[in-house]
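What follows is the content of structure_17.txt, which has compact mmCIF, C-alpha atoms and all ligand atoms:
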# COMPACT_ATOMS: atom_id res chain seq x y z
CA MET A 1 24.90 51.85 58.43
CA SER A 2 26.15 49.61 55.62
CA PHE A 3 29.39 51.62 55.44
CA LEU A 4 29.90 51.11 59.17
CA LEU A 5 29.36 47.38 58.71
CA TRP A 6 32.10 47.28 56.08
CA LEU A 7 34.48 49.11 58.42
CA LEU A 8 33.66 46.76 61.25
CA LEU A 9 34.08 43.61 59.16
CA PRO A 10 37.81 43.14 59.99
CA VAL A 11 37.02 43.83 63.66
CA ALA A 12 34.15 41.35 63.63
CA ALA A 13 36.39 38.78 61.98
CA ALA A 14 39.11 39.26 64.60
CA SER A 15 36.75 39.18 67.56
CA GLY A 16 34.73 36.31 66.13
CA TRP A 17 37.84 34.26 65.62
CA LEU A 18 39.18 35.09 69.10
CA VAL A 19 35.88 34.26 70.79
CA ALA A 20 35.78 30.96 68.94
CA ARG A 21 39.33 30.16 70.01
CA HIS A 22 38.61 31.29 73.57
CA GLN A 23 35.52 29.06 73.75
CA LYS A 24 37.57 26.12 72.53
CA ARG A 25 40.69 26.64 74.64
CA ARG A 26 39.24 28.78 77.46
CA LYS A 27 41.89 31.47 76.86
CA PRO A 28 42.50 34.04 74.14
CA ILE A 29 45.55 33.43 72.01
CA TYR A 30 47.13 34.85 68.89
CA LEU A 31 45.22 35.96 65.79
CA SER A 32 45.00 33.62 62.84
CA PRO A 33 47.53 34.18 60.02
CA ASP A 34 44.48 34.30 57.73
CA TYR A 35 43.33 37.40 59.56
CA PHE A 36 46.55 39.22 58.69
CA LYS A 37 46.26 37.97 55.12
CA GLY A 38 42.76 39.43 54.97
CA LEU A 39 43.94 42.66 56.54
CA ASP A 40 46.70 42.85 53.95
CA TYR A 41 44.15 42.53 51.13
CA TRP A 42 41.98 45.12 52.87
CA LEU A 43 44.82 47.63 53.17
CA HIS A 44 45.92 47.00 49.60
CA GLU A 45 42.44 47.77 48.35
CA GLU A 46 41.50 44.26 47.35
CA PRO A 47 38.23 44.20 49.30
CA ASP A 48 36.72 41.17 47.51
CA LYS A 49 39.54 38.85 48.64
CA ALA A 50 39.60 40.44 52.11
CA ILE A 51 35.83 40.03 52.57
CA ASP A 52 35.94 36.33 51.66
CA ILE A 53 38.66 35.69 54.25
CA PHE A 54 36.98 37.73 57.01
CA ILE A 55 33.64 36.00 56.46
CA LYS A 56 35.28 32.58 56.79
CA LEU A 57 36.86 33.72 60.07
CA ILE A 58 33.58 34.73 61.71
CA ASP A 59 32.14 31.52 63.09
CA VAL A 60 28.49 31.10 62.16
CA ASN A 61 26.68 30.62 65.46
CA ASN A 62 23.82 32.11 67.47
CA GLN A 63 26.03 34.97 68.71
CA THR A 64 27.13 36.02 65.20
CA PHE A 65 23.73 35.29 63.62
CA GLU A 66 22.79 38.94 63.22
CA THR A 67 26.20 39.93 61.78
CA HIS A 68 25.99 37.20 59.14
CA LEU A 69 22.38 38.00 58.35
CA ALA A 70 23.17 41.73 57.93
CA LEU A 71 26.18 40.95 55.75
CA GLY A 72 24.07 38.76 53.52
CA VAL A 73 21.46 41.49 53.12
CA LEU A 74 24.22 43.99 52.40
CA PHE A 75 25.68 41.80 49.66
CA ARG A 76 22.24 41.33 48.11
CA ARG A 77 21.65 45.09 48.08
CA ARG A 78 25.03 45.57 46.40
CA GLY A 79 23.93 43.08 43.73
CA GLU A 80 26.34 40.37 44.95
CA VAL A 81 23.64 37.73 45.26
CA ASN A 82 25.94 34.70 45.11
CA ARG A 83 27.75 35.88 48.24
CA ALA A 84 24.40 36.66 49.91
CA ILE A 85 23.13 33.16 49.08
CA HIS A 86 26.31 31.55 50.44
CA ILE A 87 26.09 33.47 53.73
CA HIS A 88 22.38 32.84 54.28
CA GLN A 89 22.75 29.15 53.39
CA ASN A 90 25.48 28.87 56.05
CA ILE A 91 23.23 30.47 58.66
CA ILE A 92 20.47 27.94 58.01
CA LYS A 93 22.92 25.10 58.72
CA ILE A 94 23.33 26.25 62.34
CA PRO A 95 21.60 23.45 64.31
CA THR A 96 20.84 25.59 67.37
CA LEU A 97 18.85 28.32 65.63
CA ASP A 98 15.48 28.99 67.19
CA PRO A 99 12.46 28.88 64.81
CA GLN A 100 12.26 32.67 64.63
CA GLN A 101 15.92 33.00 63.57
CA ARG A 102 15.53 30.18 61.09
CA HIS A 103 12.46 31.78 59.49
CA LEU A 104 14.24 35.12 59.27
CA ALA A 105 17.26 33.54 57.55
CA LEU A 106 15.01 31.55 55.20
CA PHE A 107 13.12 34.71 54.23
CA GLU A 108 16.40 36.46 53.38
CA LEU A 109 17.65 33.42 51.45
CA ALA A 110 14.44 33.26 49.42
CA GLN A 111 14.85 36.95 48.51
CA ASP A 112 18.45 36.23 47.43
CA TYR A 113 17.17 33.48 45.11
CA GLN A 114 14.48 35.82 43.83
CA ASN A 115 17.01 38.57 43.07
CA ALA A 116 19.25 36.04 41.36
CA GLY A 117 16.35 35.00 39.12
CA LEU A 118 16.27 31.51 40.70
CA PHE A 119 12.49 31.65 40.94
CA ASP A 120 11.94 27.89 41.49
CA ARG A 121 14.19 27.88 44.55
CA ALA A 122 12.72 31.15 45.84
CA GLU A 123 9.22 29.74 45.40
CA ASP A 124 10.13 26.58 47.39
CA VAL A 125 11.56 28.56 50.30
CA PHE A 126 8.69 31.08 50.42
CA LYS A 127 6.25 28.13 50.44
CA GLN A 128 8.14 26.60 53.40
CA LEU A 129 7.57 29.87 55.28
CA LEU A 130 3.79 29.71 54.88
CA ILE A 131 3.62 27.55 58.02
CA ALA A 132 4.98 30.47 60.09
CA ASP A 133 2.22 32.89 61.07
CA ASN A 134 4.52 35.94 61.01
CA TYR A 135 5.70 35.17 57.49
CA LYS A 136 2.42 34.21 55.84
CA ILE A 137 1.64 37.66 54.39
CA PRO A 138 5.26 38.60 53.46
CA ALA A 139 5.87 35.17 51.87
CA LEU A 140 2.57 35.27 49.93
CA SER A 141 3.38 38.81 48.77
CA GLN A 142 6.77 37.69 47.45
CA LEU A 143 5.21 34.62 45.79
CA LEU A 144 2.75 36.95 44.08
CA LYS A 145 5.64 39.05 42.73
CA ILE A 146 7.26 35.90 41.34
CA TYR A 147 4.05 34.74 39.63
CA GLU A 148 3.50 38.23 38.20
CA GLN A 149 7.05 38.25 36.84
CA GLU A 150 6.66 34.73 35.46
CA GLN A 151 3.20 35.63 34.12
CA GLU A 152 1.68 32.62 35.88
CA TRP A 153 -1.70 34.26 36.22
CA LYS A 154 -3.63 31.25 37.53
CA LYS A 155 -1.22 30.89 40.45
CA ALA A 156 -1.24 34.69 40.94
CA ILE A 157 -5.04 34.60 41.29
CA GLU A 158 -4.87 31.83 43.93
CA ILE A 159 -2.26 33.70 45.97
CA ALA A 160 -4.03 37.06 45.62
CA GLN A 161 -7.28 35.51 46.87
CA LYS A 162 -5.44 34.21 49.97
CA LEU A 163 -3.80 37.60 50.53
CA GLU A 164 -7.13 39.38 50.23
CA LYS A 165 -8.57 37.17 52.99
CA LEU A 166 -5.54 37.59 55.26
CA SER A 167 -4.85 41.29 54.79
CA ALA A 168 -8.33 42.62 53.88
CA LYS A 169 -6.52 44.56 51.13
CA LYS A 170 -7.99 44.71 47.63
CA MET A 171 -5.79 42.77 45.22
CA PRO A 172 -5.64 43.26 41.41
CA ILE A 173 -7.35 39.90 40.71
CA ALA A 174 -9.45 41.35 37.87
CA GLN A 175 -6.22 42.46 36.16
CA TYR A 176 -4.87 38.89 36.42
CA TYR A 177 -8.05 37.59 34.73
CA CYS A 178 -7.54 40.23 32.02
CA GLU A 179 -3.92 39.12 31.57
CA GLN A 180 -5.12 35.53 31.15
CA ALA A 181 -7.84 36.72 28.77
CA GLU A 182 -5.27 38.57 26.62
CA LYS A 183 -3.18 35.39 26.37
CA TYR A 184 -6.18 33.34 25.17
CA ARG A 185 -7.13 36.16 22.80
CA GLU A 186 -3.66 36.07 21.23
CA GLN A 187 -4.12 32.33 20.70
CA GLY A 188 -7.51 32.91 19.07
CA GLN A 189 -9.39 31.14 21.90
CA ILE A 190 -12.29 33.58 22.01
CA ASP A 191 -14.68 31.55 24.21
CA GLN A 192 -12.08 31.28 26.99
CA THR A 193 -11.26 34.98 26.57
CA GLN A 194 -14.90 35.96 27.03
CA GLN A 195 -15.25 33.65 30.02
CA LEU A 196 -12.29 35.31 31.73
CA ILE A 197 -13.61 38.79 30.95
CA LEU A 198 -16.86 37.86 32.70
CA GLN A 199 -14.86 36.64 35.70
CA ALA A 200 -12.87 39.90 35.77
CA LEU A 201 -16.09 41.95 35.73
CA HIS A 202 -17.65 39.68 38.33
CA ILE A 203 -14.75 40.18 40.74
CA ASP A 204 -14.44 43.89 39.91
CA PRO A 205 -17.40 45.52 38.14
CA PHE A 206 -15.24 48.67 37.76
CA CYS A 207 -12.55 46.95 35.71
CA VAL A 208 -12.16 49.27 32.69
CA ARG A 209 -9.68 46.94 31.05
CA ALA A 210 -12.24 44.11 30.94
CA SER A 211 -14.72 46.45 29.19
CA PHE A 212 -12.04 47.43 26.67
CA ILE A 213 -11.29 43.79 25.82
CA GLU A 214 -14.99 42.91 25.61
CA ALA A 215 -15.65 45.89 23.30
CA GLU A 216 -12.62 45.14 21.10
CA LEU A 217 -13.75 41.52 20.71
CA ALA A 218 -17.23 42.72 19.70
CA LEU A 219 -15.66 45.16 17.21
CA GLU A 220 -13.60 42.35 15.66
CA ASN A 221 -16.88 40.48 15.28
CA ASN A 222 -18.62 43.53 13.76
CA ASP A 223 -21.07 43.43 16.67
CA TYR A 224 -21.30 47.24 17.01
CA GLN A 225 -24.23 47.27 19.44
CA LYS A 226 -22.37 45.05 21.90
CA ALA A 227 -19.19 47.13 21.46
CA ILE A 228 -21.17 50.33 22.18
CA VAL A 229 -22.57 48.85 25.42
CA ALA A 230 -19.08 47.84 26.61
CA PHE A 231 -17.39 51.13 25.57
CA LYS A 232 -20.13 53.21 27.20
CA ARG A 233 -19.75 51.21 30.44
CA VAL A 234 -16.28 52.76 30.86
CA GLU A 235 -17.81 56.10 31.83
CA THR A 236 -19.49 54.56 34.88
CA GLN A 237 -16.41 52.49 35.76
CA ASP A 238 -13.81 55.27 35.68
CA HIS A 239 -14.62 58.44 33.74
CA GLN A 240 -10.90 59.30 33.51
CA TYR A 241 -10.72 56.72 30.68
CA ILE A 242 -13.65 58.23 28.76
CA THR A 243 -11.28 59.85 26.25
CA GLU A 244 -10.04 56.37 25.31
CA VAL A 245 -13.41 55.22 23.99
CA ILE A 246 -14.74 58.27 22.12
CA LYS A 247 -13.00 57.48 18.81
CA ASN A 248 -14.22 53.86 18.85
CA LEU A 249 -17.74 54.90 19.83
CA HIS A 250 -17.77 57.35 16.93
CA PHE A 251 -16.75 54.50 14.61
CA CYS A 252 -19.45 52.15 16.00
CA TYR A 253 -22.29 54.70 15.80
CA LYS A 254 -21.22 55.62 12.27
CA ALA A 255 -21.21 51.93 11.30
CA ILE A 256 -24.81 51.50 12.45
CA GLY A 257 -25.87 54.89 11.02
CA GLN A 258 -26.77 56.48 14.36
CA ILE A 259 -24.57 59.56 14.50
CA ASP A 260 -27.45 61.56 15.99
CA GLU A 261 -27.53 59.28 18.99
CA PHE A 262 -23.74 59.63 19.32
CA THR A 263 -24.09 63.42 19.22
CA VAL A 264 -26.59 63.28 22.11
CA TYR A 265 -24.18 61.03 24.02
CA LEU A 266 -21.25 63.42 23.40
CA GLN A 267 -23.32 66.37 24.58
CA LYS A 268 -24.10 64.50 27.80
CA ILE A 269 -20.41 63.74 28.30
CA LEU A 270 -19.51 67.39 27.68
CA ASP A 271 -22.03 68.51 30.27
CA SER A 272 -20.44 66.19 32.84
CA TYR A 273 -16.70 66.38 32.10
CA ASP A 274 -14.23 68.88 30.71
CA GLU A 275 -12.00 66.67 28.54
CA ILE A 276 -11.09 67.92 25.07
CA THR A 277 -11.43 64.58 23.20
CA PRO A 278 -15.28 64.55 23.27
CA VAL A 279 -15.24 68.22 22.21
CA LEU A 280 -13.01 67.48 19.22
CA SER A 281 -15.15 64.51 18.27
CA LEU A 282 -18.28 66.62 18.45
CA ALA A 283 -16.53 69.43 16.54
CA LYS A 284 -15.75 66.96 13.74
CA ILE A 285 -19.43 66.04 13.42
CA ILE A 286 -20.51 69.71 13.60
CA GLN A 287 -17.91 70.65 10.99
CA GLN A 288 -19.36 68.08 8.57
CA GLU A 289 -22.98 69.00 9.18
CA LEU A 290 -23.02 72.70 10.10
CA GLY A 291 -19.71 74.04 8.79
CA GLU A 292 -16.30 75.08 10.15
CA GLN A 293 -17.43 78.24 11.96
CA GLN A 294 -19.78 76.29 14.26
CA ALA A 295 -16.97 73.82 15.01
CA ILE A 296 -14.53 76.68 15.75
CA ASN A 297 -17.08 78.25 18.10
CA LEU A 298 -17.41 74.97 20.03
CA ILE A 299 -13.64 74.57 20.43
CA ALA A 300 -13.21 78.25 21.35
CA LYS A 301 -15.82 77.81 24.11
CA GLN A 302 -13.86 74.81 25.43
CA MET A 303 -10.57 76.75 25.25
CA LEU A 304 -11.98 79.42 27.52
CA LYS A 305 -13.42 76.83 29.90
CA ARG A 306 -10.35 74.62 30.04
CA PRO A 307 -7.34 75.62 27.94
CA SER A 308 -5.15 72.85 26.54
CA LEU A 309 -2.57 72.44 23.78
CA CYS A 310 -4.89 70.01 21.96
CA SER A 311 -7.74 72.52 21.84
CA ILE A 312 -5.38 75.33 20.69
CA LYS A 313 -3.98 73.07 17.95
CA SER A 314 -7.46 72.10 16.70
CA PHE A 315 -8.64 75.70 16.87
CA LEU A 316 -5.68 76.85 14.79
CA ALA A 317 -6.08 73.99 12.31
CA LEU A 318 -9.74 74.85 11.74
CA SER A 319 -8.92 78.57 11.54
CA ASN A 320 -6.38 77.79 8.81
CA ILE A 321 -9.01 75.88 6.88
CA ASN A 322 -11.28 78.89 7.24
CA ASN A 323 -8.67 81.09 5.54
CA ILE A 324 -8.25 83.39 8.49
CA SER A 325 -4.64 82.30 8.88
CA ASN A 326 -1.58 84.45 8.69
CA GLU A 327 2.12 83.70 9.17
CA SER A 328 1.92 84.11 12.94
CA LEU A 329 -0.99 81.68 13.19
CA VAL A 330 0.86 79.11 11.09
CA LEU A 331 3.94 79.51 13.28
CA LEU A 332 1.83 79.10 16.41
CA HIS A 333 0.15 76.00 14.96
CA ASP A 334 3.52 74.43 14.08
CA THR A 335 4.91 75.23 17.53
CA VAL A 336 1.97 73.62 19.32
CA THR A 337 2.19 70.58 17.00
CA GLN A 338 5.88 70.26 17.89
CA LEU A 339 5.10 70.54 21.60
CA LEU A 340 2.54 67.75 21.33
CA LYS A 341 4.77 65.51 19.18
CA ASN A 342 6.73 63.80 21.96
CA LYS A 343 4.25 64.41 24.74
CA ALA A 344 3.33 61.52 27.01
CA PHE A 345 -0.35 60.64 27.03
CA TYR A 346 -0.47 58.66 30.26
CA LYS A 347 0.87 59.15 33.75
CA CYS A 348 1.07 56.80 36.73
CA ASN A 349 -0.83 58.25 39.68
CA ASN A 350 1.42 56.32 42.05
CA CYS A 351 4.98 57.09 40.88
CA GLY A 352 4.62 59.73 38.17
CA PHE A 353 5.97 57.50 35.35
CA THR A 354 4.81 58.82 31.97
CA ALA A 355 4.38 57.05 28.63
CA ARG A 356 2.74 57.41 25.24
CA LYS A 357 1.22 53.93 25.64
CA LEU A 358 -1.31 52.82 28.26
CA TYR A 359 0.16 50.20 30.62
CA TRP A 360 -2.17 48.42 33.03
CA HIS A 361 0.86 47.39 35.10
CA CYS A 362 3.13 50.39 35.69
CA PRO A 363 6.61 49.47 34.35
CA SER A 364 8.19 51.68 36.99
CA CYS A 365 6.42 51.08 40.34
CA LYS A 366 4.73 47.77 39.33
CA GLN A 367 1.33 48.91 40.57
CA TRP A 368 -1.80 47.88 38.67
CA ASN A 369 -4.29 50.23 37.06
CA THR A 370 -2.51 53.40 38.20
CA MET A 371 -1.77 54.85 34.74
CA LYS A 372 -4.39 57.35 33.58
CA PRO A 373 -4.74 59.66 30.59
CA ILE A 374 -3.00 62.97 31.33
CA GLN A 375 -5.35 65.91 31.72
CA GLY A 376 -4.75 69.64 31.98
CA ILE A 377 -2.93 72.17 29.81
CA ASP A 378 -0.71 69.59 28.06
CA GLY A 379 -3.19 66.74 28.28
CA ASP A 380 -6.79 66.02 27.49
ZN ZN B 1 3.98 53.78 38.71
Will you turn the file into structure tokens for me?
Ligand SMILES: [Zn+2]
Amino acid sequence: MSFLLWLLLPVAAASGWLVARHQKRRKPIYLSPDYFKGLDYWLHEEPDKAIDIFIKLIDVNNQTFETHLALGVLFRRRGEVNRAIHIHQNIIKIPTLDPQQRHLALFELAQDYQNAGLFDRAEDVFKQLLIADNYKIPALSQLLKIYEQEQEWKKAIEIAQKLEKLSAKKMPIAQYYCEQAEKYREQGQIDQTQQLILQALHIDPFCVRASFIEAELALENNDYQKAIVAFKRVETQDHQYITEVIKNLHFCYKAIGQIDEFTVYLQKILDSYDEITPVLSLAKIIQQELGEQQAINLIAKQMLKRPSLCSIKSFLALSNINNISNESLVLLHDTVTQLLKNKAFYKCNNCGFTARKLYWHCPSCKQWNTMKPIQGIDGD
């Protein structure tokens, strides 16, 4: 469609100019010399100069409204935002536009500003559109994108609350509170951080990120009991993140001298889920207390139940320690280690983006809380 629009641009320019002349003089006359100049540029493959001339020739009025609007959108999609802005600004100057046309042009102009990084101007225009019922949700959604990009979390929360009421769609408000909390945490303002964490959990009791921050704060404060409560909450919030807390829980229970209790907890987790991390953690404890063979048996059982590269690697490592290794086993161990070396640990459930680091806001599709630890043969 866009290609067709490019081809029709000289035609639109010619007809637009003729119609304008006809309306003024009541009869069609010759084409403007500028048209031939534009055509000359067009034929000599200087499209930029040709386009500027053709656009000037098409009178901006109610009849050519859609052509101008489409051209503006086309320029924006091609990354030529300055041209898009110029065209959409000209449309808005038409005094006879009806409110619907005006709102449509304003919405496109605001998106031009947004794409150009002129967030203040985009924000102003989107706010103007909030009076139009049809544009309330789209304008609020775009404002939210701006505030997310600008990391203005307080404003993002206000807008998201309005959107939730209007669209009945769950918004990532708890994530915005967590973002704010992280900022205060960086500045060492712990009271404000904790306050925001409570707000995040109040608005979304299943917010894993809030539990992580709460537990990390407790850890920094050597409050192991509080950290254990927050880390253990993750299982009930979203068990897919359970592998993320095992190591820290192990540390906390060790710090308070309650490894037995941790072992009971791990056993419960193993009975409920199939992830390898709790198995490896339990194997470590068993290795220290009952010896390598018991640990190998536990991992071997897990390998049969749910094979994964991590379990194979740990099995081989323990086998090596137990002096049952040979050259082939060493080679296999090194190969698996190599395979795991550059492996991503997390994957976005929405777009498939993978990373070795956990992002709460997917860098690819910009969705919140969609990245989860990878499970399966090459995961946990
Ligand atoms: Zn994604």
Each residue of chain A with at least one atom at most 9 Å from ligand ZN 1 (chain B) should appear once, together with its nearest atom pair and the corresponding distance in Å (one decimal); atoms considered: all atoms listed in the file; ordering: chain, then increasing residue number; output as JSON lines.
{"residue": "A:Lys347", "atom": "CA", "partner": "B:ZN1", "partner_atom": "ZN", "distance": 7.9}
{"residue": "A:Cys348", "atom": "CA", "partner": "B:ZN1", "partner_atom": "ZN", "distance": 4.6}
{"residue": "A:Asn349", "atom": "CA", "partner": "B:ZN1", "partner_atom": "ZN", "distance": 6.6}
{"residue": "A:Asn350", "atom": "CA", "partner": "B:ZN1", "partner_atom": "ZN", "distance": 4.9}
{"residue": "A:Cys351", "atom": "CA", "partner": "B:ZN1", "partner_atom": "ZN", "distance": 4.1}
{"residue": "A:Gly352", "atom": "CA", "partner": "B:ZN1", "partner_atom": "ZN", "distance": 6.0}
{"residue": "A:Phe353", "atom": "CA", "partner": "B:ZN1", "partner_atom": "ZN", "distance": 5.4}
{"residue": "A:Thr354", "atom": "CA", "partner": "B:ZN1", "partner_atom": "ZN", "distance": 8.5}
{"residue": "A:His361", "atom": "CA", "partner": "B:ZN1", "partner_atom": "ZN", "distance": 8.0}
{"residue": "A:Cys362", "atom": "CA", "partner": "B:ZN1", "partner_atom": "ZN", "distance": 4.6}
{"residue": "A:Pro363", "atom": "CA", "partner": "B:ZN1", "partner_atom": "ZN", "distance": 6.7}
{"residue": "A:Ser364", "atom": "CA", "partner": "B:ZN1", "partner_atom": "ZN", "distance": 5.0}
{"residue": "A:Cys365", "atom": "CA", "partner": "B:ZN1", "partner_atom": "ZN", "distance": 4.0}
{"residue": "A:Lys366", "atom": "CA", "partner": "B:ZN1", "partner_atom": "ZN", "distance": 6.1}
{"residue": "A:Gln367", "atom": "CA", "partner": "B:ZN1", "partner_atom": "ZN", "distance": 5.8}
{"residue": "A:Trp368", "atom": "CA", "partner": "B:ZN1", "partner_atom": "ZN", "distance": 8.3}
{"residue": "A:Thr370", "atom": "CA", "partner": "B:ZN1", "partner_atom": "ZN", "distance": 6.5}
{"residue": "A:Met371", "atom": "CA", "partner": "B:ZN1", "partner_atom": "ZN", "distance": 7.1}
Selection: 8 Å around A:Leu71, only C-alpha atoms, excl. self and same-chain fewer than 2 positions, as number ranges by chain: A: 5, 67-69, 73-75, 84, 87
Work out how far apart atom CA of A:Gln338 and atom CA of A:Asn248 are and give it in Å to one decimal. 26.0 Å
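Restricting the calculation to only C-alpha atoms, the smallest distance between A:Leu143 and any of A:Tyr253, A:Tyr177, A:Phe107, A:Tyr184 is found for A:Phe107.
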Atom CA of A:Leu140 sits from atom CA of A:His103 at a separation of 14.2 Å
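In this structure, atom CA of A:Asp48 sits 20.4 Å away from atom CA of A:Asn115.
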For the point (-11.0, 35.1, 38.6) in file coordinates, what residues are within 12 Å, counting only C-alpha atoms? Give the answer as an MDAnalysis selection string? chainID A and resid 153:161 171:181 195:204 210
Keeping C-alpha atoms, export the residues of the selection given above as a compact mmCIF listing (two decimals), keeping the file's coordinate frame.
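Writing done, so here's part.txt:
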# COMPACT_ATOMS: atom_id res chain seq x y z
CA TRP A 153 -1.70 34.26 36.22
CA LYS A 154 -3.63 31.25 37.53
CA LYS A 155 -1.22 30.89 40.45
CA ALA A 156 -1.24 34.69 40.94
CA ILE A 157 -5.04 34.60 41.29
CA GLU A 158 -4.87 31.83 43.93
CA ILE A 159 -2.26 33.70 45.97
CA ALA A 160 -4.03 37.06 45.62
CA GLN A 161 -7.28 35.51 46.87
CA MET A 171 -5.79 42.77 45.22
CA PRO A 172 -5.64 43.26 41.41
CA ILE A 173 -7.35 39.90 40.71
CA ALA A 174 -9.45 41.35 37.87
CA GLN A 175 -6.22 42.46 36.16
CA TYR A 176 -4.87 38.89 36.42
CA TYR A 177 -8.05 37.59 34.73
CA CYS A 178 -7.54 40.23 32.02
CA GLU A 179 -3.92 39.12 31.57
CA GLN A 180 -5.12 35.53 31.15
CA ALA A 181 -7.84 36.72 28.77
CA GLN A 195 -15.25 33.65 30.02
CA LEU A 196 -12.29 35.31 31.73
CA ILE A 197 -13.61 38.79 30.95
CA LEU A 198 -16.86 37.86 32.70
CA GLN A 199 -14.86 36.64 35.70
CA ALA A 200 -12.87 39.90 35.77
CA LEU A 201 -16.09 41.95 35.73
CA HIS A 202 -17.65 39.68 38.33
CA ILE A 203 -14.75 40.18 40.74
CA ASP A 204 -14.44 43.89 39.91
CA ALA A 210 -12.24 44.11 30.94
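If all atoms listed in the file are the atoms counted, then among A:Gln225, A:Gln149, A:Gln142, A:Ser308 the closest residue to A:Val125 is A:Gln142.
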Would you pick out the contacts of stretch 270-277 of chain A at 7 Å or less, using only C-alpha atoms, so that residues sharing its chain but fewer than 2 positions from it are not included, and give the list as number ranges by chain? A: 243, 266-268, 279-281, 306, 311, 380
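Shortest separation to A:Tyr113 among A:Ile296, A:Ile146, A:Leu329, A:Val208 occurs at residue A:Ile146, atoms counted being only C-alpha atoms.
Using only C-alpha atoms, the smallest distance between any of A:Phe65, A:Ala116, A:Lys127, A:Leu358 and A:Asp98 comes from A:Phe65.
Residue nearest A:Tyr265, chosen from A:Glu289, A:Asp334, A:Lys136, A:His250 and counting all atoms listed in the file: A:His250.
Take the candidates A:Gln192, A:Gln128, A:Gln111, A:Gln375 and check each one against A:Ala344 using only C-alpha atoms; the shortest distance goes to A:Gln375.
For stretch 237-241 of chain A, the residues within 8 Å (counting all atoms listed in the file, excluding itself and residues fewer than 4 positions away along the chain) are Pro205, Phe206, Cys207, Val208, Arg233, Val245, Lys372 and Pro373 of chain A.
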